[in-house]
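final_22.txt follows (compact mmCIF, C-alpha atoms and all ligand atoms):
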# COMPACT_ATOMS: atom_id res chain seq x y z
CA MET J 212 0.91 -76.37 87.22
CA LYS J 213 3.39 -76.75 84.39
CA LYS J 214 5.59 -73.75 83.73
CA ARG J 215 7.46 -73.30 80.47
CA LEU J 216 11.10 -72.25 80.78
CA SER J 217 13.65 -71.37 78.14
CA ALA J 218 17.31 -70.41 78.37
CA ILE J 219 19.90 -69.11 75.94
CA ASP J 220 23.55 -69.55 76.95
CA VAL J 221 25.51 -67.18 74.74
CA GLY J 222 29.14 -68.33 74.93
CA THR J 223 32.27 -67.38 73.04
CA THR J 224 32.49 -70.89 71.57
CA LYS J 225 28.87 -72.00 71.35
CA VAL J 226 25.31 -70.81 71.76
CA CYS J 227 23.05 -73.27 73.55
CA ALA J 228 19.28 -72.82 73.61
CA ILE J 229 17.21 -74.98 75.94
CA MET J 230 13.43 -75.30 76.20
CA ALA J 231 11.91 -77.07 79.18
CA ASP J 232 8.90 -77.30 81.40
CA ALA J 233 8.81 -77.53 85.16
CA ASP J 234 6.31 -78.54 87.80
CA GLU J 235 6.50 -79.86 91.37
CA ALA J 236 8.09 -83.08 90.04
CA GLY J 237 11.01 -81.22 88.48
CA VAL J 238 12.36 -79.96 85.19
CA ARG J 239 11.91 -81.77 81.86
CA ILE J 240 14.00 -80.78 78.83
CA LEU J 241 11.86 -80.50 75.69
CA GLY J 242 14.31 -79.12 73.15
CA VAL J 243 18.03 -78.29 72.84
CA GLY J 244 19.85 -76.38 70.11
CA VAL J 245 23.62 -75.94 70.00
CA VAL J 246 25.63 -74.09 67.36
CA SER J 247 29.14 -72.63 67.15
CA SER J 248 28.99 -68.98 68.04
CA ARG J 249 30.00 -66.20 65.73
CA GLY J 250 30.39 -62.55 66.55
CA LEU J 251 31.53 -62.99 70.16
CA GLN J 252 34.89 -62.32 71.76
CA LYS J 253 35.81 -62.95 75.38
CA GLY J 254 32.13 -63.33 76.21
CA MET J 255 31.04 -60.10 74.52
CA VAL J 256 29.10 -59.40 71.35
CA VAL J 257 31.45 -57.81 68.81
CA ASN J 258 29.37 -58.39 65.68
CA LEU J 259 25.62 -57.95 66.11
CA ASN J 260 24.53 -59.68 62.92
CA GLU J 261 26.72 -62.73 63.37
CA ALA J 262 25.82 -63.12 67.04
CA ARG J 263 22.11 -62.73 66.34
CA GLU J 264 22.20 -65.36 63.59
CA SER J 265 24.00 -67.86 65.85
CA ILE J 266 21.34 -67.28 68.47
CA ARG J 267 18.52 -67.58 65.93
CA LYS J 268 19.89 -70.89 64.68
CA ALA J 269 20.27 -72.37 68.18
CA VAL J 270 16.77 -71.22 69.12
CA SER J 271 15.19 -72.66 65.99
CA MET J 272 16.92 -76.03 66.56
CA ALA J 273 15.49 -76.16 70.09
CA GLU J 274 12.04 -75.13 68.81
CA GLN J 275 12.02 -77.90 66.22
CA THR J 276 12.46 -80.57 68.89
CA ALA J 277 10.14 -78.93 71.39
CA GLY J 278 7.43 -78.37 68.78
CA PHE J 279 6.56 -74.82 69.85
CA LYS J 280 7.99 -71.31 69.69
CA MET J 281 10.38 -69.87 72.26
CA ALA J 282 8.61 -66.68 73.32
CA SER J 283 11.01 -65.55 76.02
CA ALA J 284 14.16 -66.81 77.71
CA ILE J 285 16.56 -66.32 80.56
CA VAL J 286 19.91 -65.23 79.16
CA ASN J 287 23.45 -65.09 80.57
CA ILE J 288 26.00 -62.32 80.24
CA THR J 289 29.73 -62.29 80.94
CA GLY J 290 32.85 -60.32 80.05
CA ARG J 291 35.43 -58.05 81.64
CA HIS J 292 32.94 -55.18 81.67
CA ILE J 293 31.10 -56.81 84.55
CA HIS J 294 31.98 -55.48 88.00
CA SER J 295 30.87 -56.77 91.34
CA ALA J 296 31.11 -55.25 94.78
CA ASN J 297 29.62 -55.69 98.20
CA ASN J 298 27.59 -52.65 99.27
CA ARG J 299 25.74 -51.65 102.41
CA GLY J 300 22.37 -49.99 102.81
CA VAL J 301 21.35 -48.48 106.15
CA ILE J 302 17.90 -47.17 107.12
CA ALA J 303 16.12 -46.06 110.27
CA ILE J 304 12.93 -47.84 111.27
CA SER J 305 10.71 -44.90 112.07
CA ARG J 306 7.41 -46.65 112.61
CA LYS J 307 5.70 -46.47 115.94
CA ASP J 308 5.85 -50.22 116.59
CA GLU J 309 9.56 -50.48 115.63
CA VAL J 310 9.15 -53.83 113.93
CA VAL J 311 11.01 -54.54 110.69
CA LYS J 312 8.59 -54.97 107.77
CA GLN J 313 9.23 -56.25 104.26
CA ALA J 314 8.89 -52.66 103.04
CA ASP J 315 11.82 -51.67 105.31
CA VAL J 316 13.93 -54.47 103.85
CA ASN J 317 13.12 -53.27 100.34
CA ARG J 318 13.99 -49.71 101.35
CA ALA J 319 17.37 -50.82 102.75
CA LEU J 320 18.04 -52.69 99.49
CA GLU J 321 17.13 -49.57 97.53
CA VAL J 322 19.66 -47.58 99.57
CA ALA J 323 22.38 -50.18 98.88
CA ARG J 324 21.47 -50.09 95.22
CA ASN J 325 21.47 -46.31 94.93
CA THR J 326 25.00 -46.10 96.23
CA ALA J 327 27.02 -46.27 93.08
CA ILE J 328 25.55 -47.01 89.66
CA PRO J 329 26.86 -44.61 87.01
CA ALA J 330 24.67 -43.87 84.00
CA ASP J 331 26.73 -46.01 81.64
CA ARG J 332 26.20 -49.13 83.78
CA ARG J 333 23.26 -51.45 84.39
CA LEU J 334 22.43 -53.32 87.54
CA LEU J 335 22.30 -57.08 86.96
CA HIS J 336 21.99 -58.40 90.52
CA LEU J 337 21.45 -57.06 93.99
CA LEU J 338 21.74 -60.07 96.26
CA PRO J 339 21.25 -59.62 100.00
CA LEU J 340 24.11 -61.30 101.92
CA SER J 341 23.12 -60.55 105.50
CA TYR J 342 21.25 -58.08 107.67
CA THR J 343 22.18 -56.24 110.84
CA VAL J 344 19.41 -55.07 113.18
CA ASP J 345 20.47 -52.53 115.84
CA GLY J 346 24.06 -53.75 115.66
CA GLN J 347 23.18 -57.45 115.80
CA GLU J 348 25.06 -58.92 112.83
CA GLY J 349 24.40 -61.98 110.71
CA VAL J 350 20.59 -61.78 110.74
CA LYS J 351 19.18 -63.99 107.98
CA SER J 352 15.60 -62.71 107.82
CA PRO J 353 14.97 -59.48 109.71
CA VAL J 354 11.21 -59.22 109.00
CA GLY J 355 9.32 -59.24 112.30
CA MET J 356 12.33 -58.33 114.42
CA HIS J 357 12.23 -55.40 116.78
CA GLY J 358 14.66 -52.58 115.99
CA PHE J 359 15.45 -48.96 115.19
CA LYS J 360 18.16 -49.41 112.57
CA LEU J 361 18.34 -51.92 109.72
CA GLU J 362 21.47 -52.55 107.66
CA VAL J 363 21.77 -54.84 104.67
CA GLU J 364 24.97 -56.07 103.07
CA THR J 365 24.54 -56.88 99.39
CA HIS J 366 26.50 -58.39 96.54
CA MET J 367 25.91 -56.07 93.62
CA VAL J 368 26.76 -56.93 90.03
CA THR J 369 26.74 -54.30 87.29
CA ALA J 370 27.48 -54.48 83.57
CA SER J 371 28.36 -51.98 80.88
CA ALA J 372 25.13 -50.58 79.44
CA THR J 373 26.48 -50.98 75.90
CA ALA J 374 27.27 -54.67 76.40
CA VAL J 375 23.80 -55.30 77.87
CA GLU J 376 22.17 -53.40 75.04
CA ASN J 377 24.11 -55.24 72.32
CA LEU J 378 23.26 -58.64 73.76
CA SER J 379 19.60 -57.62 74.17
CA LYS J 380 19.49 -56.53 70.53
CA CYS J 381 20.79 -59.91 69.38
CA ILE J 382 18.29 -61.89 71.47
CA LYS J 383 15.33 -59.73 70.48
CA GLY J 384 16.53 -59.70 66.88
CA ALA J 385 16.33 -63.50 67.01
CA GLY J 386 12.66 -63.14 67.98
CA VAL J 387 12.96 -63.89 71.70
CA GLU J 388 12.03 -61.66 74.63
CA ILE J 389 14.32 -61.55 77.67
CA ASP J 390 12.89 -62.75 80.99
CA GLU J 391 16.04 -62.11 82.99
CA MET J 392 19.71 -61.50 82.33
CA ILE J 393 22.00 -63.41 84.68
CA PHE J 394 25.73 -63.07 85.28
CA SER J 395 27.13 -66.39 83.98
CA PRO J 396 28.93 -67.79 87.06
CA LEU J 397 25.83 -67.34 89.23
CA ALA J 398 23.77 -69.40 86.78
CA CYS J 399 26.57 -71.94 86.46
CA ALA J 400 26.68 -72.47 90.22
CA GLU J 401 22.99 -73.42 90.26
CA ALA J 402 23.76 -76.58 88.30
CA VAL J 403 26.82 -77.88 90.16
CA ILE J 404 27.10 -76.52 93.70
CA SER J 405 25.00 -77.81 96.58
CA ALA J 406 23.53 -75.63 99.31
CA ASP J 407 25.89 -77.30 101.83
CA GLU J 408 28.94 -76.48 99.73
CA MET J 409 27.81 -72.88 99.43
CA MET J 410 27.58 -72.76 103.22
CA ASP J 411 31.04 -74.31 103.72
CA GLY J 412 32.71 -71.97 101.25
CA ILE J 413 33.59 -72.90 97.69
CA ILE J 414 35.05 -71.39 94.53
CA LEU J 415 33.65 -72.10 91.08
CA ALA J 416 35.71 -71.52 87.94
CA ASP J 417 33.86 -72.04 84.64
CA ILE J 418 36.69 -72.35 82.11
CA GLY J 419 35.04 -71.80 78.74
CA GLY J 420 36.54 -70.70 75.45
CA GLY J 421 36.95 -66.95 75.89
CA THR J 422 36.52 -66.37 79.61
CA THR J 423 36.89 -68.05 82.97
CA ASP J 424 33.91 -67.04 85.08
CA ILE J 425 34.46 -67.06 88.84
CA ALA J 426 32.08 -67.18 91.80
CA VAL J 427 33.03 -67.56 95.46
CA PHE J 428 30.34 -68.64 97.92
CA LYS J 429 30.39 -68.53 101.71
CA ASP J 430 27.60 -68.96 104.27
CA GLY J 431 25.25 -69.81 101.42
CA LYS J 432 25.79 -66.57 99.46
CA PRO J 433 27.96 -65.32 96.59
CA ILE J 434 30.57 -63.09 98.26
CA HIS J 435 32.63 -62.49 95.14
CA THR J 436 32.15 -62.86 91.36
CA SER J 437 34.47 -61.95 88.51
CA VAL J 438 35.60 -62.71 84.97
CA LEU J 439 39.12 -63.64 83.87
CA PRO J 440 39.95 -63.10 80.20
CA VAL J 441 41.88 -66.38 79.92
CA ALA J 442 40.37 -69.75 78.98
CA GLY J 443 40.41 -72.50 76.34
CA TYR J 444 41.39 -70.17 73.50
CA GLN J 445 44.65 -69.30 75.24
CA ILE J 446 45.44 -72.99 75.70
CA THR J 447 44.94 -73.50 71.96
CA HIS J 448 47.02 -70.42 71.21
CA ASP J 449 49.88 -71.73 73.36
CA ILE J 450 49.81 -75.08 71.54
CA SER J 451 49.77 -73.29 68.20
CA VAL J 452 52.83 -71.20 69.12
CA GLY J 453 54.63 -73.99 71.01
CA LEU J 454 54.32 -76.58 68.25
CA GLY J 455 54.42 -74.12 65.35
CA VAL J 456 51.08 -75.28 63.91
CA SER J 457 47.94 -73.40 62.81
CA TRP J 458 45.31 -72.42 65.40
CA GLU J 459 42.85 -74.92 63.89
CA LEU J 460 45.31 -77.79 64.07
CA ALA J 461 46.26 -76.79 67.61
CA GLU J 462 42.56 -76.97 68.61
CA GLU J 463 42.31 -80.47 67.09
CA ILE J 464 45.45 -81.58 68.90
CA LYS J 465 44.08 -80.21 72.17
CA LEU J 466 40.74 -81.99 71.78
CA ARG J 467 42.31 -85.30 70.71
CA TYR J 468 45.46 -85.53 72.85
CA GLY J 469 45.16 -82.71 75.36
CA SER J 470 45.81 -83.59 78.98
CA VAL J 471 47.39 -82.06 82.05
CA MET J 472 48.75 -85.34 83.35
CA PRO J 473 52.52 -85.42 83.66
CA VAL J 474 54.03 -87.73 81.02
CA GLY J 475 57.49 -88.94 80.35
CA ASP J 476 58.61 -89.54 83.92
CA GLU J 477 58.44 -93.31 83.58
CA GLY J 478 59.50 -93.46 79.96
CA ASN J 479 55.86 -93.65 78.81
CA ASP J 480 56.12 -90.66 76.49
CA GLN J 481 55.00 -91.25 72.90
CA MET J 482 55.26 -89.50 69.57
CA LEU J 483 51.97 -88.17 68.19
CA SER J 484 51.14 -87.21 64.61
CA GLU J 485 48.46 -84.83 63.47
CA GLY J 486 48.04 -82.92 60.21
CA GLY J 487 51.54 -83.83 59.00
CA HIS J 488 53.25 -82.75 62.22
CA SER J 489 54.92 -84.99 64.80
CA PHE J 490 55.53 -84.07 68.41
CA PRO J 491 55.93 -85.83 71.77
CA GLN J 492 52.86 -86.16 74.01
CA SER J 493 54.92 -84.72 76.88
CA GLN J 494 55.39 -81.46 74.99
CA VAL J 495 51.62 -81.02 74.47
CA SER J 496 50.90 -81.84 78.09
CA GLU J 497 53.58 -79.45 79.34
CA ILE J 498 52.24 -76.55 77.27
CA ILE J 499 48.68 -77.14 78.49
CA ARG J 500 49.77 -77.79 82.04
CA SER J 501 51.61 -74.52 82.50
CA ARG J 502 48.71 -72.47 81.14
CA VAL J 503 46.08 -74.32 83.18
CA GLU J 504 48.21 -74.09 86.32
CA GLU J 505 48.31 -70.33 85.82
CA MET J 506 44.51 -70.24 85.42
CA VAL J 507 43.98 -72.10 88.68
CA ARG J 508 46.35 -69.69 90.47
CA LEU J 509 44.61 -66.67 88.95
CA ALA J 510 41.25 -68.04 90.08
CA LEU J 511 42.54 -68.44 93.65
CA LEU J 512 43.84 -64.86 93.65
CA GLU J 513 40.21 -63.82 93.26
CA VAL J 514 39.27 -65.23 96.66
CA PRO J 515 38.78 -62.39 99.16
CA GLY J 516 40.99 -62.40 102.26
CA GLU J 517 44.35 -63.90 103.07
CA ASP J 518 43.50 -67.46 103.97
CA TYR J 519 41.64 -69.08 101.09
CA GLN J 520 42.13 -72.57 102.43
CA ASN J 521 40.23 -71.70 105.57
CA LEU J 522 37.52 -69.84 103.68
CA LEU J 523 36.99 -72.55 101.05
CA ARG J 524 36.16 -75.58 103.19
CA GLY J 525 34.14 -76.95 100.28
CA GLY J 526 37.10 -76.63 97.90
CA MET J 527 36.98 -75.81 94.22
CA VAL J 528 34.73 -76.81 91.32
CA LEU J 529 35.93 -76.56 87.72
CA THR J 530 33.42 -76.54 84.86
CA GLY J 531 33.19 -75.34 81.25
CA GLY J 532 34.40 -77.11 78.11
CA SER J 533 38.03 -76.84 79.19
CA ALA J 534 37.25 -78.83 82.37
CA ASN J 535 37.21 -81.89 80.07
CA LEU J 536 41.02 -81.97 80.10
CA PRO J 537 42.08 -85.33 81.59
CA GLY J 538 43.90 -84.98 84.91
CA LEU J 539 42.54 -81.50 85.64
CA ALA J 540 41.02 -82.25 89.06
CA GLU J 541 44.23 -83.90 90.29
CA MET J 542 46.37 -81.06 88.98
CA GLY J 543 44.05 -78.44 90.49
CA GLN J 544 44.27 -80.21 93.83
CA GLU J 545 48.08 -80.12 93.76
CA VAL J 546 48.17 -76.44 92.89
CA ALA J 547 45.40 -75.23 95.19
CA ARG J 548 45.93 -77.68 98.06
CA LEU J 549 42.15 -77.90 98.26
CA PRO J 550 39.64 -80.59 97.29
CA VAL J 551 38.98 -79.99 93.59
CA ARG J 552 36.30 -81.64 91.49
CA ILE J 553 35.02 -81.34 87.93
CA GLY J 554 31.44 -80.11 87.79
CA ALA J 555 28.94 -81.15 85.14
CA PRO J 556 25.16 -80.69 84.95
CA PRO J 557 23.06 -83.40 86.60
CA ALA J 558 21.15 -85.78 84.34
CA MET J 559 17.70 -84.33 83.60
CA TYR J 560 14.46 -85.76 82.28
CA GLY J 561 13.76 -85.35 78.59
CA VAL J 562 16.06 -84.82 75.65
CA SER J 563 19.09 -83.92 77.69
CA GLU J 564 21.74 -86.56 76.87
CA ARG J 565 24.32 -84.15 75.50
CA LEU J 566 23.84 -81.65 78.32
CA THR J 567 25.80 -83.64 80.90
CA ASP J 568 29.13 -82.33 79.54
CA PRO J 569 30.82 -79.66 81.75
CA ALA J 570 30.53 -77.27 78.75
CA PHE J 571 26.76 -77.05 79.37
CA THR J 572 26.88 -76.24 83.07
CA THR J 573 25.94 -72.58 82.57
CA SER J 574 23.23 -73.53 80.04
CA VAL J 575 21.53 -75.94 82.44
CA GLY J 576 22.21 -73.61 85.38
CA LEU J 577 20.15 -70.90 83.66
CA ILE J 578 17.15 -73.24 83.47
CA MET J 579 17.63 -74.23 87.11
CA TRP J 580 17.92 -70.57 88.17
CA ARG J 581 14.65 -69.81 86.41
CA ALA J 582 12.94 -72.85 87.91
CA LYS J 583 13.74 -71.69 91.42
CA SER J 584 12.03 -68.65 92.84
CA ARG J 585 14.48 -65.96 93.76
CA THR J 586 14.36 -63.42 96.57
CA GLU J 587 16.52 -60.81 94.88
CA ILE J 588 15.03 -57.72 93.25
CA PRO J 589 14.73 -58.66 89.59
CA VAL J 590 16.11 -56.07 87.21
CA LYS J 591 14.85 -56.09 83.64
CA PRO J 592 17.60 -55.50 81.11
CA ILE J 593 16.93 -52.62 78.79
CA SER J 594 15.53 -53.54 75.42
CA GLY J 595 17.07 -52.88 72.03
CA SER J 596 15.65 -52.75 68.53
CA SER J 597 16.20 -55.60 66.10
CA GLU J 598 18.55 -55.28 63.18
CA SER J 599 18.49 -56.81 59.76
CA GLY J 600 21.34 -58.37 57.87
CA GLY J 601 22.99 -61.61 56.87
CA GLY J 602 24.64 -64.14 59.08
CA PHE J 603 27.06 -66.98 59.03
CA PHE J 604 26.69 -70.36 60.69
CA GLY J 605 29.61 -72.41 61.88
CA LEU J 606 29.59 -76.02 62.91
CA PHE J 607 29.82 -77.11 66.48
CA LYS J 608 33.27 -78.10 67.58
CA ARG J 609 34.47 -81.61 66.99
CA LYS J 610 34.50 -83.78 70.08
N1 LIG A 1 37.88 -82.44 75.58
C1 LIG A 1 38.33 -81.21 75.67
N2 LIG A 1 39.60 -80.97 76.06
C2 LIG A 1 40.09 -79.72 76.17
N3 LIG A 1 39.38 -78.62 75.89
C3 LIG A 1 38.11 -78.78 75.51
C4 LIG A 1 37.51 -80.07 75.37
N4 LIG A 1 36.23 -79.90 74.97
C5 LIG A 1 36.04 -78.57 74.84
N5 LIG A 1 37.17 -77.89 75.15
C6 LIG A 1 37.39 -76.44 75.09
O1 LIG A 1 36.38 -75.78 75.82
C7 LIG A 1 36.20 -74.47 75.28
C8 LIG A 1 34.72 -74.20 75.12
O2 LIG A 1 34.12 -74.30 76.36
P1 LIG A 1 32.62 -73.79 76.61
O3 LIG A 1 31.71 -74.48 75.67
O4 LIG A 1 32.38 -73.93 78.06
O5 LIG A 1 32.79 -72.25 76.20
P2 LIG A 1 31.70 -71.13 75.96
O6 LIG A 1 30.66 -71.23 77.01
O7 LIG A 1 31.23 -71.15 74.55
O8 LIG A 1 32.57 -69.82 76.10
P3 LIG A 1 32.68 -68.72 77.26
O9 LIG A 1 31.94 -69.26 78.44
O10 LIG A 1 34.14 -68.58 77.48
O11 LIG A 1 32.07 -67.50 76.67
C9 LIG A 1 36.95 -74.42 73.96
O12 LIG A 1 38.13 -73.68 74.12
C10 LIG A 1 37.27 -75.89 73.70
O13 LIG A 1 38.50 -76.04 73.02
MG MG A 2 30.29 -70.48 78.92
Once more with this new file: its structure as structure tokens, please.
Ligand SMILES: Nc1ncnc2c1ncn2[C@@H]1O[C@H](COP(=O)(O)OP(=O)(O)OP(=O)(O)O)[C@@H](O)[C@H]1O
Ligand SMILES: [Mg+2]
Amino acid sequence: MKKRLSAIDVGTTKVCAIMADADEAGVRILGVGVVSSRGLQKGMVVNLNEARESIRKAVSMAEQTAGFKMASAIVNITGRHIHSANNRGVIAISRKDEVVKQADVNRALEVARNTAIPADRRLLHLLPLSYTVDGQEGVKSPVGMHGFKLEVETHMVTASATAVENLSKCIKGAGVEIDEMIFSPLACAEAVISADEMMDGIILADIGGGTTDIAVFKDGKPIHTSVLPVAGYQITHDISVGLGVSWELAEEIKLRYGSVMPVGDEGNDQMLSEGGHSFPQSQVSEIIRSRVEEMVRLALLEVPGEDYQNLLRGGMVLTGGSANLPGLAEMGQEVARLPVRIGAPPAMYGVSERLTDPAFTTSVGLIMWRAKSRTEIPVKPISGSSESGGGFFGLFKRK
């Protein structure tokens, strides 16, 4: 049976809409639409009309290729307003036969979920990490086990209700219903991290334009997720300040000459010219290098516990548009003293050529998340009304 799937990746730099179908044989991409985003800052909607129009344009581009309408989609959300924490839920098994049933598991999850969600926040994810039955820890699936007391440890992700509502308004205003709203790094991980790596322990950092989205996995589960408000825009800003050029020119310089490889040691430095300005390659690389080094260190500070090297046997994966910087994996490895690789979406069937860039990892990850059946309790984001008004389309960034 073919299942239609659609995703909208709402980023600070670009909006990417994907339409696909999936059956036992796998996922086939039927339509892709990418436009520069407007109305977003650090992952959050700051202008409803502009954001909605960017989304509408990306969706309509995807629809034109696919040849049918996008009725509903899985959507990502990110930003500093998102909080995650690991919570416990404990219940007594009071049935006569003292065997754990699915209903008990659901009840334990409900207890974990009821712990701490203030009215101005929305639950995005409640992911079971492990179960304890009568003190026996590390139980993977407790259903059918004998016991009196069931505990569940969960990874819970909540978002500001306002941010969820604003994003929902934009999506619905663009004529699309929301199937699910997923915290970006969890979707991103679907496209680039294997089940084995998640078992071994691994950190993912999706370095986009406005945010760096982090997820840490251990024993097959996400044990920590967070958002850092530093990414590609800061790199561009640093170049702009360091070279005394406009932000736009700095972005062009970054895309054309940007690298984190050390230059100049062996006299191989060269003078570059762009937009009437001349500067040595080593200066550009140094500016980018110090900012990116800081980002890698900040990402590692997110890892729970003292000994990240022991926890992260699988190393580190870097994705997002900024992961295109030449020399990044090598530099990351030096800084983190861990195996570091650049992650990009796998090649897919259909019209997916441009999706293999690291910038589209979250976009493709959303489709892969939807294609897989999940065991978590799905939480529908609240709906908002559509708004009317004009919009403004930008062009996608030069490559
Ligand atoms: N070749 C490249 N070298 C360096 N930086 C690049 C390159 N290509 C893209 N970038 C940068 O990647 C960033 C955009 O990445 P991405 O498309 O992943 O962001 P986004 O998903 O729109 O934003 P976010 O996830 O932060 O909300 C921009 O800052 C852009 O300058
Ligand atoms: Mg992104």
Give me, as JSON lines, the closest atom pair and its distance (Å, one decimal) for every residue of chain J within a cut-off of 8 Å of ligand LIG 1 (chain A), counting all atoms listed in the file, rows sorted by chain and rising number.
{"residue": "J:Asp220", "atom": "CA", "partner": "A:LIG1", "partner_atom": "O6", "distance": 7.3}
{"residue": "J:Val221", "atom": "CA", "partner": "A:LIG1", "partner_atom": "O11", "distance": 6.8}
{"residue": "J:Gly222", "atom": "CA", "partner": "A:LIG1", "partner_atom": "O11", "distance": 3.5}
{"residue": "J:Thr223", "atom": "CA", "partner": "A:LIG1", "partner_atom": "O11", "distance": 3.6}
{"residue": "J:Thr224", "atom": "CA", "partner": "A:LIG1", "partner_atom": "O7", "distance": 3.2}
{"residue": "J:Lys225", "atom": "CA", "partner": "A:LIG1", "partner_atom": "O7", "distance": 4.1}
{"residue": "J:Val226", "atom": "CA", "partner": "A:LIG1", "partner_atom": "O7", "distance": 6.6}
{"residue": "J:Ser247", "atom": "CA", "partner": "A:LIG1", "partner_atom": "O7", "distance": 7.8}
{"residue": "J:Ser248", "atom": "CA", "partner": "A:LIG1", "partner_atom": "O7", "distance": 7.2}
{"residue": "J:Leu251", "atom": "CA", "partner": "A:LIG1", "partner_atom": "O11", "distance": 7.9}
{"residue": "J:Gln252", "atom": "CA", "partner": "A:LIG1", "partner_atom": "O11", "distance": 7.7}
{"residue": "J:Lys253", "atom": "CA", "partner": "A:LIG1", "partner_atom": "O11", "distance": 6.0}
{"residue": "J:Gly254", "atom": "CA", "partner": "A:LIG1", "partner_atom": "O11", "distance": 4.2}
{"residue": "J:Met255", "atom": "CA", "partner": "A:LIG1", "partner_atom": "O11", "distance": 7.8}
{"residue": "J:Thr289", "atom": "CA", "partner": "A:LIG1", "partner_atom": "O11", "distance": 7.1}
{"residue": "J:Gly290", "atom": "CA", "partner": "A:LIG1", "partner_atom": "O11", "distance": 8.0}
{"residue": "J:Ser395", "atom": "CA", "partner": "A:LIG1", "partner_atom": "O9", "distance": 7.9}
{"residue": "J:Asp417", "atom": "CA", "partner": "A:LIG1", "partner_atom": "O4", "distance": 7.0}
{"residue": "J:Ile418", "atom": "CA", "partner": "A:LIG1", "partner_atom": "O4", "distance": 6.1}
{"residue": "J:Gly419", "atom": "CA", "partner": "A:LIG1", "partner_atom": "O5", "distance": 3.4}
{"residue": "J:Gly420", "atom": "CA", "partner": "A:LIG1", "partner_atom": "O12", "distance": 3.6}
{"residue": "J:Gly421", "atom": "CA", "partner": "A:LIG1", "partner_atom": "O10", "distance": 3.6}
{"residue": "J:Thr422", "atom": "CA", "partner": "A:LIG1", "partner_atom": "O10", "distance": 3.9}
{"residue": "J:Thr423", "atom": "CA", "partner": "A:LIG1", "partner_atom": "O10", "distance": 6.2}
{"residue": "J:Asp424", "atom": "CA", "partner": "A:LIG1", "partner_atom": "O9", "distance": 7.3}
{"residue": "J:Ala442", "atom": "CA", "partner": "A:LIG1", "partner_atom": "O10", "distance": 6.5}
{"residue": "J:Gly443", "atom": "CA", "partner": "A:LIG1", "partner_atom": "O12", "distance": 3.4}
{"residue": "J:Tyr444", "atom": "CA", "partner": "A:LIG1", "partner_atom": "O12", "distance": 4.8}
{"residue": "J:Gln445", "atom": "CA", "partner": "A:LIG1", "partner_atom": "O12", "distance": 7.9}
{"residue": "J:Ile446", "atom": "CA", "partner": "A:LIG1", "partner_atom": "O12", "distance": 7.5}
{"residue": "J:Thr447", "atom": "CA", "partner": "A:LIG1", "partner_atom": "O13", "distance": 7.0}
{"residue": "J:Glu462", "atom": "CA", "partner": "A:LIG1", "partner_atom": "O13", "distance": 6.1}
{"residue": "J:Lys465", "atom": "CA", "partner": "A:LIG1", "partner_atom": "C2", "distance": 5.7}
{"residue": "J:Leu466", "atom": "CA", "partner": "A:LIG1", "partner_atom": "N2", "distance": 4.5}
{"residue": "J:Arg467", "atom": "CA", "partner": "A:LIG1", "partner_atom": "N1", "distance": 7.2}
{"residue": "J:Gly469", "atom": "CA", "partner": "A:LIG1", "partner_atom": "N2", "distance": 5.9}
{"residue": "J:Ser470", "atom": "CA", "partner": "A:LIG1", "partner_atom": "N2", "distance": 7.3}
{"residue": "J:Thr530", "atom": "CA", "partner": "A:LIG1", "partner_atom": "O4", "distance": 7.4}
{"residue": "J:Gly531", "atom": "CA", "partner": "A:LIG1", "partner_atom": "O4", "distance": 3.6}
{"residue": "J:Gly532", "atom": "CA", "partner": "A:LIG1", "partner_atom": "O1", "distance": 3.3}
{"residue": "J:Ser533", "atom": "CA", "partner": "A:LIG1", "partner_atom": "O1", "distance": 3.9}
{"residue": "J:Ala534", "atom": "CA", "partner": "A:LIG1", "partner_atom": "N3", "distance": 6.8}
{"residue": "J:Asn535", "atom": "CA", "partner": "A:LIG1", "partner_atom": "N1", "distance": 4.6}
{"residue": "J:Leu536", "atom": "CA", "partner": "A:LIG1", "partner_atom": "N2", "distance": 4.4}
{"residue": "J:Pro537", "atom": "CA", "partner": "A:LIG1", "partner_atom": "N2", "distance": 7.5}
{"residue": "J:Pro569", "atom": "CA", "partner": "A:LIG1", "partner_atom": "O4", "distance": 7.0}
{"residue": "J:Ala570", "atom": "CA", "partner": "A:LIG1", "partner_atom": "O4", "distance": 3.9}
{"residue": "J:Phe571", "atom": "CA", "partner": "A:LIG1", "partner_atom": "O4", "distance": 6.6}
{"residue": "J:Thr572", "atom": "CA", "partner": "A:LIG1", "partner_atom": "O4", "distance": 7.8}
{"residue": "J:Thr573", "atom": "CA", "partner": "A:LIG1", "partner_atom": "O6", "distance": 7.4}
{"residue": "J:Lys608", "atom": "CA", "partner": "A:LIG1", "partner_atom": "C10", "distance": 7.6}
{"residue": "J:Lys610", "atom": "CA", "partner": "A:LIG1", "partner_atom": "N4", "distance": 6.5}
- For ligand MG 2 (chain A), the nearest of the candidates J:Val311, J:Val243, J:Val368, J:Cys227, counting only C-alpha atoms and all ligand atoms: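 That would be J:Cys227, the residue with the smallest distance to ligand MG 2 (chain A).
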- Item | Selection: 12 Å around Ser457 of chain J, all atoms listed in the file, excl. self and same-chain fewer than 6 positions, as JSON, numbers by chain | {"J": [447, 448, 449, 450, 451, 463, 464, 485, 486, 487, 488]}
- Mind giving me the straight-line distance from atom CA of Ser283 of chain J to atom CA of Val256 of chain J in Å, one decimal?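 Going from atom CA of Ser283 of chain J over to atom CA of Val256 of chain J covers 19.7 Å.
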- Using only C-alpha atoms: which of J:Ile404, J:Met542, J:Ala233, J:Val270 has the shortest distance to Arg502 of chain J: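 Ranking J:Ile404, J:Met542, J:Ala233, J:Val270 by distance to Arg502 of chain J, first place goes to J:Met542.
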